[in-house]
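The next block is start-v9.pdb, given as PDB, C-alpha atoms, pLDDT in the B column.
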ATOM      1  CA  MET D   1     -20.111   4.030  -2.790  1.00 65.00           C
ATOM      2  CA  ALA D   2     -17.394   6.046  -1.072  1.00 74.00           C
ATOM      3  CA  GLN D   3     -14.943   7.883  -3.257  1.00 80.00           C
ATOM      4  CA  LEU D   4     -11.306   7.305  -2.308  1.00 78.00           C
ATOM      5  CA  LEU D   5      -8.826  10.057  -3.080  1.00 82.00           C
ATOM      6  CA  TRP D   6      -5.051  10.282  -3.065  1.00 78.00           C
ATOM      7  CA  THR D   7      -3.520  12.769  -0.630  1.00 76.00           C
ATOM      8  CA  GLN D   8      -0.206  14.402  -1.460  1.00 73.00           C
ATOM      9  CA  LYS D   9       1.910  14.197   1.688  1.00 73.00           C
ATOM     10  CA  GLN D  10       4.935  16.149   0.541  1.00 70.00           C
ATOM     11  CA  ASP D  11       6.127  17.862  -2.635  1.00 75.00           C
ATOM     12  CA  VAL D  12       9.835  17.514  -1.813  1.00 81.00           C
ATOM     13  CA  GLY D  13      11.572  14.265  -2.622  1.00 89.00           C
ATOM     14  CA  PRO D  14      13.297  12.341  -5.402  1.00 92.00           C
ATOM     15  CA  SER D  15      13.252  13.896  -8.852  1.00 90.00           C
ATOM     16  CA  PRO D  16      11.009  12.278 -11.488  1.00 91.00           C
ATOM     17  CA  ARG D  17      12.509   9.001 -12.736  1.00 92.00           C
ATOM     18  CA  SER D  18      11.827   5.578 -14.176  1.00 93.00           C
ATOM     19  CA  ASP D  19      13.394   2.130 -13.866  1.00 94.00           C
ATOM     20  CA  VAL D  20      13.992   2.723 -10.146  1.00 95.00           C
ATOM     21  CA  ALA D  21      13.918   0.130  -7.343  1.00 96.00           C
ATOM     22  CA  MET D  22      12.115   0.511  -4.027  1.00 96.00           C
ATOM     23  CA  VAL D  23      11.759  -1.824  -1.057  1.00 96.00           C
ATOM     24  CA  PHE D  24      10.141  -1.690   2.397  1.00 96.00           C
ATOM     25  CA  ASP D  25      12.536  -1.961   5.350  1.00 96.00           C
ATOM     26  CA  ALA D  26      10.219  -3.574   7.911  1.00 93.00           C
ATOM     27  CA  ALA D  27      12.592  -3.219  10.874  1.00 94.00           C
ATOM     28  CA  ARG D  28      12.854   0.548  10.441  1.00 95.00           C
ATOM     29  CA  SER D  29       9.413   1.147   8.869  1.00 96.00           C
ATOM     30  CA  ARG D  30      10.894   2.954   5.882  1.00 96.00           C
ATOM     31  CA  VAL D  31      10.603   2.667   2.116  1.00 97.00           C
ATOM     32  CA  VAL D  32      14.078   2.715   0.529  1.00 97.00           C
ATOM     33  CA  LEU D  33      14.516   4.064  -3.025  1.00 97.00           C
ATOM     34  CA  PHE D  34      17.745   3.854  -5.012  1.00 97.00           C
ATOM     35  CA  GLY D  35      18.807   5.123  -8.436  1.00 96.00           C
ATOM     36  CA  GLY D  36      16.822   5.056 -11.639  1.00 95.00           C
ATOM     37  CA  ALA D  37      16.840   7.028 -14.878  1.00 95.00           C
ATOM     38  CA  GLY D  38      15.395  10.473 -15.407  1.00 91.00           C
ATOM     39  CA  GLY D  39      14.829  13.110 -17.996  1.00 76.00           C
ATOM     40  CA  SER D  40      14.929  12.978 -21.750  1.00 70.00           C
ATOM     41  CA  THR D  41      18.715  12.500 -21.633  1.00 68.00           C
ATOM     42  CA  ALA D  42      18.315   9.319 -19.545  1.00 79.00           C
ATOM     43  CA  THR D  43      20.482  10.616 -16.712  1.00 92.00           C
ATOM     44  CA  LEU D  44      21.286   7.783 -14.295  1.00 96.00           C
ATOM     45  CA  PHE D  45      21.021   8.380 -10.560  1.00 95.00           C
ATOM     46  CA  ASN D  46      22.876   6.868  -7.610  1.00 95.00           C
ATOM     47  CA  ASP D  47      20.939   8.630  -4.897  1.00 96.00           C
ATOM     48  CA  THR D  48      19.376   6.930  -1.894  1.00 97.00           C
ATOM     49  CA  TRP D  49      16.098   8.184  -0.424  1.00 97.00           C
ATOM     50  CA  GLU D  50      13.934   6.958   2.432  1.00 97.00           C
ATOM     51  CA  TRP D  51      10.217   7.616   3.032  1.00 96.00           C
ATOM     52  CA  ASP D  52       8.997   7.336   6.633  1.00 95.00           C
ATOM     53  CA  GLY D  53       5.309   7.821   5.873  1.00 92.00           C
ATOM     54  CA  GLU D  54       5.548  11.591   6.259  1.00 91.00           C
ATOM     55  CA  ASN D  55       8.854  12.806   4.826  1.00 93.00           C
ATOM     56  CA  TRP D  56      11.515  11.941   2.256  1.00 95.00           C
ATOM     57  CA  THR D  57      15.142  11.983   3.442  1.00 95.00           C
ATOM     58  CA  GLN D  58      18.057  11.910   1.000  1.00 96.00           C
ATOM     59  CA  TYR D  59      21.309  10.212   1.990  1.00 94.00           C
ATOM     60  CA  GLU D  60      24.774  10.867   0.581  1.00 81.00           C
ATOM     61  CA  ASP D  61      25.462   9.551  -2.921  1.00 77.00           C
ATOM     62  CA  ILE D  62      28.142   7.160  -1.666  1.00 86.00           C
ATOM     63  CA  GLY D  63      27.523   3.583  -2.667  1.00 91.00           C
ATOM     64  CA  PRO D  64      26.541   1.801  -5.852  1.00 97.00           C
ATOM     65  CA  ALA D  65      27.360   3.457  -9.165  1.00 96.00           C
ATOM     66  CA  PRO D  66      24.507   5.200 -11.004  1.00 96.00           C
ATOM     67  CA  ARG D  67      22.118   2.663 -12.541  1.00 97.00           C
ATOM     68  CA  SER D  68      18.592   1.785 -13.521  1.00 96.00           C
ATOM     69  CA  ARG D  69      16.661  -1.481 -13.963  1.00 96.00           C
ATOM     70  CA  HIS D  70      18.283  -2.992 -10.819  1.00 97.00           C
ATOM     71  CA  GLY D  71      16.646  -5.315  -8.315  1.00 97.00           C
ATOM     72  CA  MET D  72      16.259  -4.777  -4.569  1.00 97.00           C
ATOM     73  CA  ALA D  73      14.840  -6.895  -1.761  1.00 96.00           C
ATOM     74  CA  TYR D  74      14.736  -6.633   2.020  1.00 96.00           C
ATOM     75  CA  ASP D  75      16.538  -9.324   4.033  1.00 94.00           C
ATOM     76  CA  SER D  76      14.419  -9.417   7.191  1.00 92.00           C
ATOM     77  CA  LYS D  77      16.673 -11.904   8.954  1.00 91.00           C
ATOM     78  CA  ARG D  78      19.698  -9.608   8.697  1.00 92.00           C
ATOM     79  CA  GLY D  79      17.886  -6.255   8.572  1.00 94.00           C
ATOM     80  CA  ARG D  80      19.464  -5.168   5.269  1.00 95.00           C
ATOM     81  CA  THR D  81      18.269  -3.972   1.897  1.00 96.00           C
ATOM     82  CA  VAL D  82      20.040  -5.943  -0.840  1.00 96.00           C
ATOM     83  CA  LEU D  83      20.636  -4.499  -4.324  1.00 97.00           C
ATOM     84  CA  PHE D  84      21.816  -6.567  -7.294  1.00 97.00           C
ATOM     85  CA  GLY D  85      22.821  -5.659 -10.844  1.00 96.00           C
ATOM     86  CA  GLY D  86      21.027  -3.245 -13.096  1.00 96.00           C
ATOM     87  CA  SER D  87      22.014  -1.290 -16.162  1.00 96.00           C
ATOM     88  CA  ALA D  88      24.496   1.544 -16.589  1.00 95.00           C
ATOM     89  CA  GLY D  89      23.661   2.783 -20.054  1.00 89.00           C
ATOM     90  CA  ASN D  90      23.903  -0.248 -22.307  1.00 91.00           C
ATOM     91  CA  VAL D  91      26.120  -2.223 -19.883  1.00 95.00           C
ATOM     92  CA  ASN D  92      24.527  -4.647 -17.428  1.00 96.00           C
ATOM     93  CA  LEU D  93      26.030  -5.023 -13.947  1.00 96.00           C
ATOM     94  CA  ASN D  94      26.418  -7.961 -11.538  1.00 95.00           C
ATOM     95  CA  ASP D  95      27.529  -6.316  -8.295  1.00 95.00           C
ATOM     96  CA  THR D  96      25.755  -6.833  -4.965  1.00 96.00           C
ATOM     97  CA  TRP D  97      25.327  -4.120  -2.326  1.00 97.00           C
ATOM     98  CA  GLU D  98      23.660  -3.875   1.092  1.00 97.00           C
ATOM     99  CA  TRP D  99      22.049  -0.825   2.744  1.00 97.00           C
ATOM    100  CA  ASP D 100      21.853  -0.825   6.560  1.00 96.00           C
ATOM    101  CA  GLY D 101      19.962   2.453   6.891  1.00 95.00           C
ATOM    102  CA  GLN D 102      23.139   4.550   7.037  1.00 94.00           C
ATOM    103  CA  ASP D 103      25.707   3.156   4.608  1.00 95.00           C
ATOM    104  CA  TRP D 104      26.006   1.091   1.453  1.00 97.00           C
ATOM    105  CA  THR D 105      28.519  -1.777   1.535  1.00 96.00           C
ATOM    106  CA  GLN D 106      29.558  -3.731  -1.528  1.00 96.00           C
ATOM    107  CA  VAL D 107      29.400  -7.407  -0.592  1.00 95.00           C
ATOM    108  CA  ALA D 108      30.235  -8.960  -3.976  1.00 87.00           C
ATOM    109  CA  ASP D 109      31.426  -7.906  -7.399  1.00 82.00           C
ATOM    110  CA  THR D 110      30.727 -11.264  -8.992  1.00 80.00           C
ATOM    111  CA  GLY D 111      27.707 -13.516  -8.857  1.00 81.00           C
ATOM    112  CA  PRO D 112      24.960 -14.401 -11.284  1.00 90.00           C
ATOM    113  CA  PRO D 113      25.507 -13.145 -14.826  1.00 92.00           C
ATOM    114  CA  ALA D 114      25.112  -9.392 -15.260  1.00 92.00           C
ATOM    115  CA  ARG D 115      21.524  -8.360 -15.858  1.00 94.00           C
ATOM    116  CA  GLY D 116      19.036  -5.532 -15.779  1.00 94.00           C
ATOM    117  CA  GLY D 117      15.257  -5.445 -15.658  1.00 92.00           C
ATOM    118  CA  HIS D 118      15.038  -8.385 -13.242  1.00 92.00           C
ATOM    119  CA  ALA D 119      13.096  -8.712  -9.999  1.00 90.00           C
ATOM    120  CA  MET D 120      14.066  -9.714  -6.488  1.00 90.00           C
ATOM    121  CA  LEU D 121      11.689 -11.004  -3.856  1.00 85.00           C
ATOM    122  CA  THR D 122      11.499 -10.521  -0.115  1.00 78.00           C
ATOM    123  CA  ILE D 123      10.352 -13.653   1.692  1.00 70.00           C
ATOM    124  CA  ALA D 124       9.285 -13.286   5.301  1.00 65.00           C
ATOM    125  CA  SER D 125       9.345 -16.283   7.562  1.00 59.00           C
ATOM    126  CA  VAL D 126       6.321 -16.747   9.767  1.00 54.00           C
ATOM    127  CA  ALA D 127       6.457 -18.652  13.047  1.00 57.00           C
ATOM    128  CA  VAL D 128       3.593 -21.106  13.421  1.00 55.00           C
TER     129      VAL D 128
END

structure tokens encoding of this file:
Amino acid sequence: MAQLLWTQKQDVGPSPRSDVAMVFDAARSRVVLFGGAGGSTATLFNDTWEWDGENWTQYEDIGPAPRSRHGMAYDSKRGRTVLFGGSAGNVNLNDTWEWDGQDWTQVADTGPPARGGHAMLTIASVAV
């Protein structure tokens, strides 16, 4: 039986964190990471990173407020990453944001009840 091993591609990238959201942007072939919580002081992040299969790239911290436990999904029809809700400390959020690969845009500040720790799903349509 062959032994499969992990290969570290790069040691530069997002700092260690938990309760982060990641999604695959199929149109641009990138993994998008936003926010999360890190360290023993539970620092919240609002940084955006993309992984292209070889390198991490950090984008400016302009967009959603720092948070963890948020949901993200990729809207393949519109080519956008959609982020909803999450937690900022002990306050849950219900804002909706979209990432187009360059900028975050807030598209709603109301919607479903505020929540954190939820999931979002990307559904791809398949032509038959």

Evaluate the PyMOL selection byres ((chain D and resi 35) around 10) against this structure - the residues, as a VMD selection string, please. chain D and resid 14 17 to 22 33 to 34 36 to 38 44 to 49 61 64 to 70 86

Counting all atoms listed in the file, which residue out of D:Asn55, D:Ser87, D:Gln102, D:Ser76 sits closest to Asp25 (chain D)?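 Nearest to Asp25 (chain D): D:Ser76.
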
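For Trp97 (chain D), the residues within 6 Å (counting all atoms listed in the file, excluding itself and residues fewer than 5 positions away along the chain) are Val82, Leu83, Thr105, Gln106 and Val107 of chain D.
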
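Here CA of Asn94 (chain D) is placed at a distance of 22.3 Å from CA of Phe24 (chain D).
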
Test item: the PyMOL selection byres ((chain D and resi 28) around 10) resolved as a PyMOL selection string: chain D and resi 24-27+29-31+52+79+100-101

Those same residues - C-alpha atoms - I'd like them written as an mmCIF file, in the frame of the given file.
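Saved the output as again_29.cif:
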data_model
loop_
_atom_site.group_PDB
_atom_site.id
_atom_site.type_symbol
_atom_site.label_atom_id
_atom_site.label_comp_id
_atom_site.auth_asym_id
_atom_site.auth_seq_id
_atom_site.Cartn_x
_atom_site.Cartn_y
_atom_site.Cartn_z
ATOM 1 C CA PHE D 24 10.141 -1.690 2.397
ATOM 2 C CA ASP D 25 12.536 -1.961 5.350
ATOM 3 C CA ALA D 26 10.219 -3.574 7.911
ATOM 4 C CA ALA D 27 12.592 -3.219 10.874
ATOM 5 C CA SER D 29 9.413 1.147 8.869
ATOM 6 C CA ARG D 30 10.894 2.954 5.882
ATOM 7 C CA VAL D 31 10.603 2.667 2.116
ATOM 8 C CA ASP D 52 8.997 7.336 6.633
ATOM 9 C CA GLY D 79 17.886 -6.255 8.572
ATOM 10 C CA ASP D 100 21.853 -0.825 6.560
ATOM 11 C CA GLY D 101 19.962 2.453 6.891
#

As a check of understanding, name the residues that the PyMOL selection byres ((chain D and resi 92) around 6) selects in the supplied structure, as a ChimeraX atom specification. /D:86-87,91,93,114-116

Need to verify the contact set: Asp11 (chain D), 12 Å, all atoms listed in the file, exclusion of same-chain residues closer than 3 positions in sequence. Can you return it as a PyMOL selection string? chain D and resi 7-8+14-16+54-56

Surrounding residues of Met120 (chain D) excluding itself and chain neighbours under 2 positions, 8 Å, only C-alpha atoms, as a list in words: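 Residues near the query, excluding close chain neighbours: Gly71, Met72, Ala73, His118 and Thr122 of chain D.
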
What are the centre and the three edge lengths of an axis-aligned box that wraps all atoms of region 77-90 of chain D in the file, given that 8 Å is added to every side, written as JSON and rounded to one decimal in Å?
{"center_x": 20.6, "center_y": -4.6, "center_z": -6.7, "size_x": 23.8, "size_y": 30.7, "size_z": 47.3}

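Of note, CA of Thr81 (chain D) and CA of Trp99 (chain D) are spaced 5.0 Å apart.
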
Calculate how many Å separate CA of Ile123 (chain D) from CA of Tyr74 (chain D), rounding to one decimal. 8.3 Å

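Distances here use only C-alpha atoms; by that measure, the residue among D:Glu50, D:Trp104, D:Thr57, D:Ala42 closest to Asn90 (chain D) is D:Ala42.
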
Subset file: region 75-91 of chain D, all heavy atoms, as a PDB file, in the first residue's frame:
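See result.pdb below for the written result:
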ATOM      1  N   ASP D  75     -21.344  31.919  -5.122  1.00  0.00           N
ATOM      2  CA  ASP D  75     -22.459  32.046  -6.060  1.00  0.00           C
ATOM      3  C   ASP D  75     -21.887  31.927  -7.471  1.00  0.00           C
ATOM      4  O   ASP D  75     -21.367  32.885  -8.026  1.00  0.00           O
ATOM      5  CB  ASP D  75     -23.140  33.405  -5.855  1.00  0.00           C
ATOM      6  CG  ASP D  75     -24.324  33.630  -6.774  1.00  0.00           C
ATOM      7  OD1 ASP D  75     -24.436  32.932  -7.804  1.00  0.00           O
ATOM      8  OD2 ASP D  75     -25.128  34.526  -6.479  1.00  0.00           O
ATOM      9  N   SER D  76     -21.968  30.737  -8.050  1.00  0.00           N
ATOM     10  CA  SER D  76     -21.348  30.490  -9.348  1.00  0.00           C
ATOM     11  C   SER D  76     -22.053  31.221 -10.488  1.00  0.00           C
ATOM     12  O   SER D  76     -21.430  31.546 -11.491  1.00  0.00           O
ATOM     13  CB  SER D  76     -21.299  28.987  -9.649  1.00  0.00           C
ATOM     14  OG  SER D  76     -22.594  28.441  -9.665  1.00  0.00           O
ATOM     15  N   LYS D  77     -23.314  31.491 -10.332  1.00  0.00           N
ATOM     16  CA  LYS D  77     -24.053  32.199 -11.382  1.00  0.00           C
ATOM     17  C   LYS D  77     -23.586  33.646 -11.514  1.00  0.00           C
ATOM     18  O   LYS D  77     -23.501  34.194 -12.603  1.00  0.00           O
ATOM     19  CB  LYS D  77     -25.548  32.146 -11.093  1.00  0.00           C
ATOM     20  CG  LYS D  77     -26.405  32.648 -12.226  1.00  0.00           C
ATOM     21  CD  LYS D  77     -27.854  32.329 -11.983  1.00  0.00           C
ATOM     22  CE  LYS D  77     -28.660  32.657 -13.234  1.00  0.00           C
ATOM     23  NZ  LYS D  77     -30.054  32.253 -13.081  1.00  0.00           N
ATOM     24  N   ARG D  78     -23.272  34.264 -10.372  1.00  0.00           N
ATOM     25  CA  ARG D  78     -22.869  35.670 -10.363  1.00  0.00           C
ATOM     26  C   ARG D  78     -21.370  35.858 -10.152  1.00  0.00           C
ATOM     27  O   ARG D  78     -20.866  36.977 -10.207  1.00  0.00           O
ATOM     28  CB  ARG D  78     -23.662  36.413  -9.290  1.00  0.00           C
ATOM     29  CG  ARG D  78     -25.153  36.422  -9.620  1.00  0.00           C
ATOM     30  CD  ARG D  78     -26.051  37.053  -8.567  1.00  0.00           C
ATOM     31  NE  ARG D  78     -25.491  38.209  -7.933  1.00  0.00           N
ATOM     32  CZ  ARG D  78     -25.101  38.258  -6.644  1.00  0.00           C
ATOM     33  NH1 ARG D  78     -25.246  37.228  -5.873  1.00  0.00           N
ATOM     34  NH2 ARG D  78     -24.597  39.349  -6.144  1.00  0.00           N
ATOM     35  N   GLY D  79     -20.639  34.778  -9.886  1.00  0.00           N
ATOM     36  CA  GLY D  79     -19.199  34.871  -9.698  1.00  0.00           C
ATOM     37  C   GLY D  79     -18.804  35.653  -8.460  1.00  0.00           C
ATOM     38  O   GLY D  79     -17.858  36.437  -8.497  1.00  0.00           O
ATOM     39  N   ARG D  80     -19.504  35.444  -7.360  1.00  0.00           N
ATOM     40  CA  ARG D  80     -19.241  36.169  -6.107  1.00  0.00           C
ATOM     41  C   ARG D  80     -19.181  35.198  -4.927  1.00  0.00           C
ATOM     42  O   ARG D  80     -19.910  34.219  -4.884  1.00  0.00           O
ATOM     43  CB  ARG D  80     -20.374  37.148  -5.795  1.00  0.00           C
ATOM     44  CG  ARG D  80     -20.737  38.064  -6.910  1.00  0.00           C
ATOM     45  CD  ARG D  80     -20.020  39.344  -6.781  1.00  0.00           C
ATOM     46  NE  ARG D  80     -20.476  40.244  -7.837  1.00  0.00           N
ATOM     47  CZ  ARG D  80     -19.775  41.240  -8.281  1.00  0.00           C
ATOM     48  NH1 ARG D  80     -18.617  41.486  -7.756  1.00  0.00           N
ATOM     49  NH2 ARG D  80     -20.221  42.007  -9.239  1.00  0.00           N
ATOM     50  N   THR D  81     -18.343  35.536  -3.969  1.00  0.00           N
ATOM     51  CA  THR D  81     -18.349  34.859  -2.684  1.00  0.00           C
ATOM     52  C   THR D  81     -19.301  35.636  -1.786  1.00  0.00           C
ATOM     53  O   THR D  81     -19.202  36.861  -1.689  1.00  0.00           O
ATOM     54  CB  THR D  81     -16.933  34.833  -2.081  1.00  0.00           C
ATOM     55  OG1 THR D  81     -16.100  34.017  -2.915  1.00  0.00           O
ATOM     56  CG2 THR D  81     -16.932  34.289  -0.669  1.00  0.00           C
ATOM     57  N   VAL D  82     -20.215  34.942  -1.137  1.00  0.00           N
ATOM     58  CA  VAL D  82     -21.212  35.572  -0.276  1.00  0.00           C
ATOM     59  C   VAL D  82     -20.918  35.193   1.175  1.00  0.00           C
ATOM     60  O   VAL D  82     -20.706  34.025   1.483  1.00  0.00           O
ATOM     61  CB  VAL D  82     -22.644  35.125  -0.655  1.00  0.00           C
ATOM     62  CG1 VAL D  82     -23.676  35.771   0.251  1.00  0.00           C
ATOM     63  CG2 VAL D  82     -22.928  35.428  -2.120  1.00  0.00           C
ATOM     64  N   LEU D  83     -20.881  36.196   2.042  1.00  0.00           N
ATOM     65  CA  LEU D  83     -20.652  36.011   3.476  1.00  0.00           C
ATOM     66  C   LEU D  83     -21.895  36.481   4.218  1.00  0.00           C
ATOM     67  O   LEU D  83     -22.452  37.532   3.898  1.00  0.00           O
ATOM     68  CB  LEU D  83     -19.438  36.838   3.910  1.00  0.00           C
ATOM     69  CG  LEU D  83     -19.059  36.840   5.383  1.00  0.00           C
ATOM     70  CD1 LEU D  83     -17.557  37.045   5.519  1.00  0.00           C
ATOM     71  CD2 LEU D  83     -19.783  37.896   6.176  1.00  0.00           C
ATOM     72  N   PHE D  84     -22.330  35.698   5.212  1.00  0.00           N
ATOM     73  CA  PHE D  84     -23.468  36.101   6.036  1.00  0.00           C
ATOM     74  C   PHE D  84     -23.165  35.883   7.507  1.00  0.00           C
ATOM     75  O   PHE D  84     -22.658  34.843   7.912  1.00  0.00           O
ATOM     76  CB  PHE D  84     -24.734  35.314   5.680  1.00  0.00           C
ATOM     77  CG  PHE D  84     -25.881  35.611   6.616  1.00  0.00           C
ATOM     78  CD1 PHE D  84     -26.573  36.809   6.507  1.00  0.00           C
ATOM     79  CD2 PHE D  84     -26.224  34.728   7.617  1.00  0.00           C
ATOM     80  CE1 PHE D  84     -27.604  37.106   7.392  1.00  0.00           C
ATOM     81  CE2 PHE D  84     -27.256  35.016   8.500  1.00  0.00           C
ATOM     82  CZ  PHE D  84     -27.953  36.209   8.382  1.00  0.00           C
ATOM     83  N   GLY D  85     -23.532  36.887   8.326  1.00  0.00           N
ATOM     84  CA  GLY D  85     -23.545  36.770   9.775  1.00  0.00           C
ATOM     85  C   GLY D  85     -22.211  36.464  10.417  1.00  0.00           C
ATOM     86  O   GLY D  85     -21.156  36.879   9.964  1.00  0.00           O
ATOM     87  N   GLY D  86     -22.301  35.737  11.518  1.00  0.00           N
ATOM     88  CA  GLY D  86     -21.134  35.401  12.312  1.00  0.00           C
ATOM     89  C   GLY D  86     -21.250  36.011  13.693  1.00  0.00           C
ATOM     90  O   GLY D  86     -22.286  36.559  14.074  1.00  0.00           O
ATOM     91  N   SER D  87     -20.169  35.920  14.432  1.00  0.00           N
ATOM     92  CA  SER D  87     -20.141  36.419  15.801  1.00  0.00           C
ATOM     93  C   SER D  87     -19.007  37.416  15.983  1.00  0.00           C
ATOM     94  O   SER D  87     -17.892  37.192  15.512  1.00  0.00           O
ATOM     95  CB  SER D  87     -19.946  35.266  16.791  1.00  0.00           C
ATOM     96  OG  SER D  87     -20.993  34.329  16.674  1.00  0.00           O
ATOM     97  N   ALA D  88     -19.315  38.506  16.656  1.00  0.00           N
ATOM     98  CA  ALA D  88     -18.317  39.500  17.049  1.00  0.00           C
ATOM     99  C   ALA D  88     -18.328  39.509  18.574  1.00  0.00           C
ATOM    100  O   ALA D  88     -19.144  40.181  19.185  1.00  0.00           O
ATOM    101  CB  ALA D  88     -18.648  40.869  16.477  1.00  0.00           C
ATOM    102  N   GLY D  89     -17.463  38.711  19.154  1.00  0.00           N
ATOM    103  CA  GLY D  89     -17.511  38.528  20.605  1.00  0.00           C
ATOM    104  C   GLY D  89     -18.748  37.719  20.953  1.00  0.00           C
ATOM    105  O   GLY D  89     -18.975  36.655  20.402  1.00  0.00           O
ATOM    106  N   ASN D  90     -19.585  38.279  21.825  1.00  0.00           N
ATOM    107  CA  ASN D  90     -20.817  37.568  22.175  1.00  0.00           C
ATOM    108  C   ASN D  90     -22.042  38.178  21.499  1.00  0.00           C
ATOM    109  O   ASN D  90     -23.161  38.006  21.958  1.00  0.00           O
ATOM    110  CB  ASN D  90     -20.989  37.495  23.700  1.00  0.00           C
ATOM    111  CG  ASN D  90     -20.927  38.870  24.338  1.00  0.00           C
ATOM    112  OD1 ASN D  90     -20.793  39.879  23.648  1.00  0.00           O
ATOM    113  ND2 ASN D  90     -21.014  38.909  25.653  1.00  0.00           N
ATOM    114  N   VAL D  91     -21.830  38.901  20.391  1.00  0.00           N
ATOM    115  CA  VAL D  91     -22.916  39.485  19.605  1.00  0.00           C
ATOM    116  C   VAL D  91     -22.959  38.803  18.242  1.00  0.00           C
ATOM    117  O   VAL D  91     -21.942  38.742  17.544  1.00  0.00           O
ATOM    118  CB  VAL D  91     -22.703  41.011  19.405  1.00  0.00           C
ATOM    119  CG1 VAL D  91     -23.753  41.590  18.489  1.00  0.00           C
ATOM    120  CG2 VAL D  91     -22.674  41.719  20.746  1.00  0.00           C
TER     121      VAL D  91
END
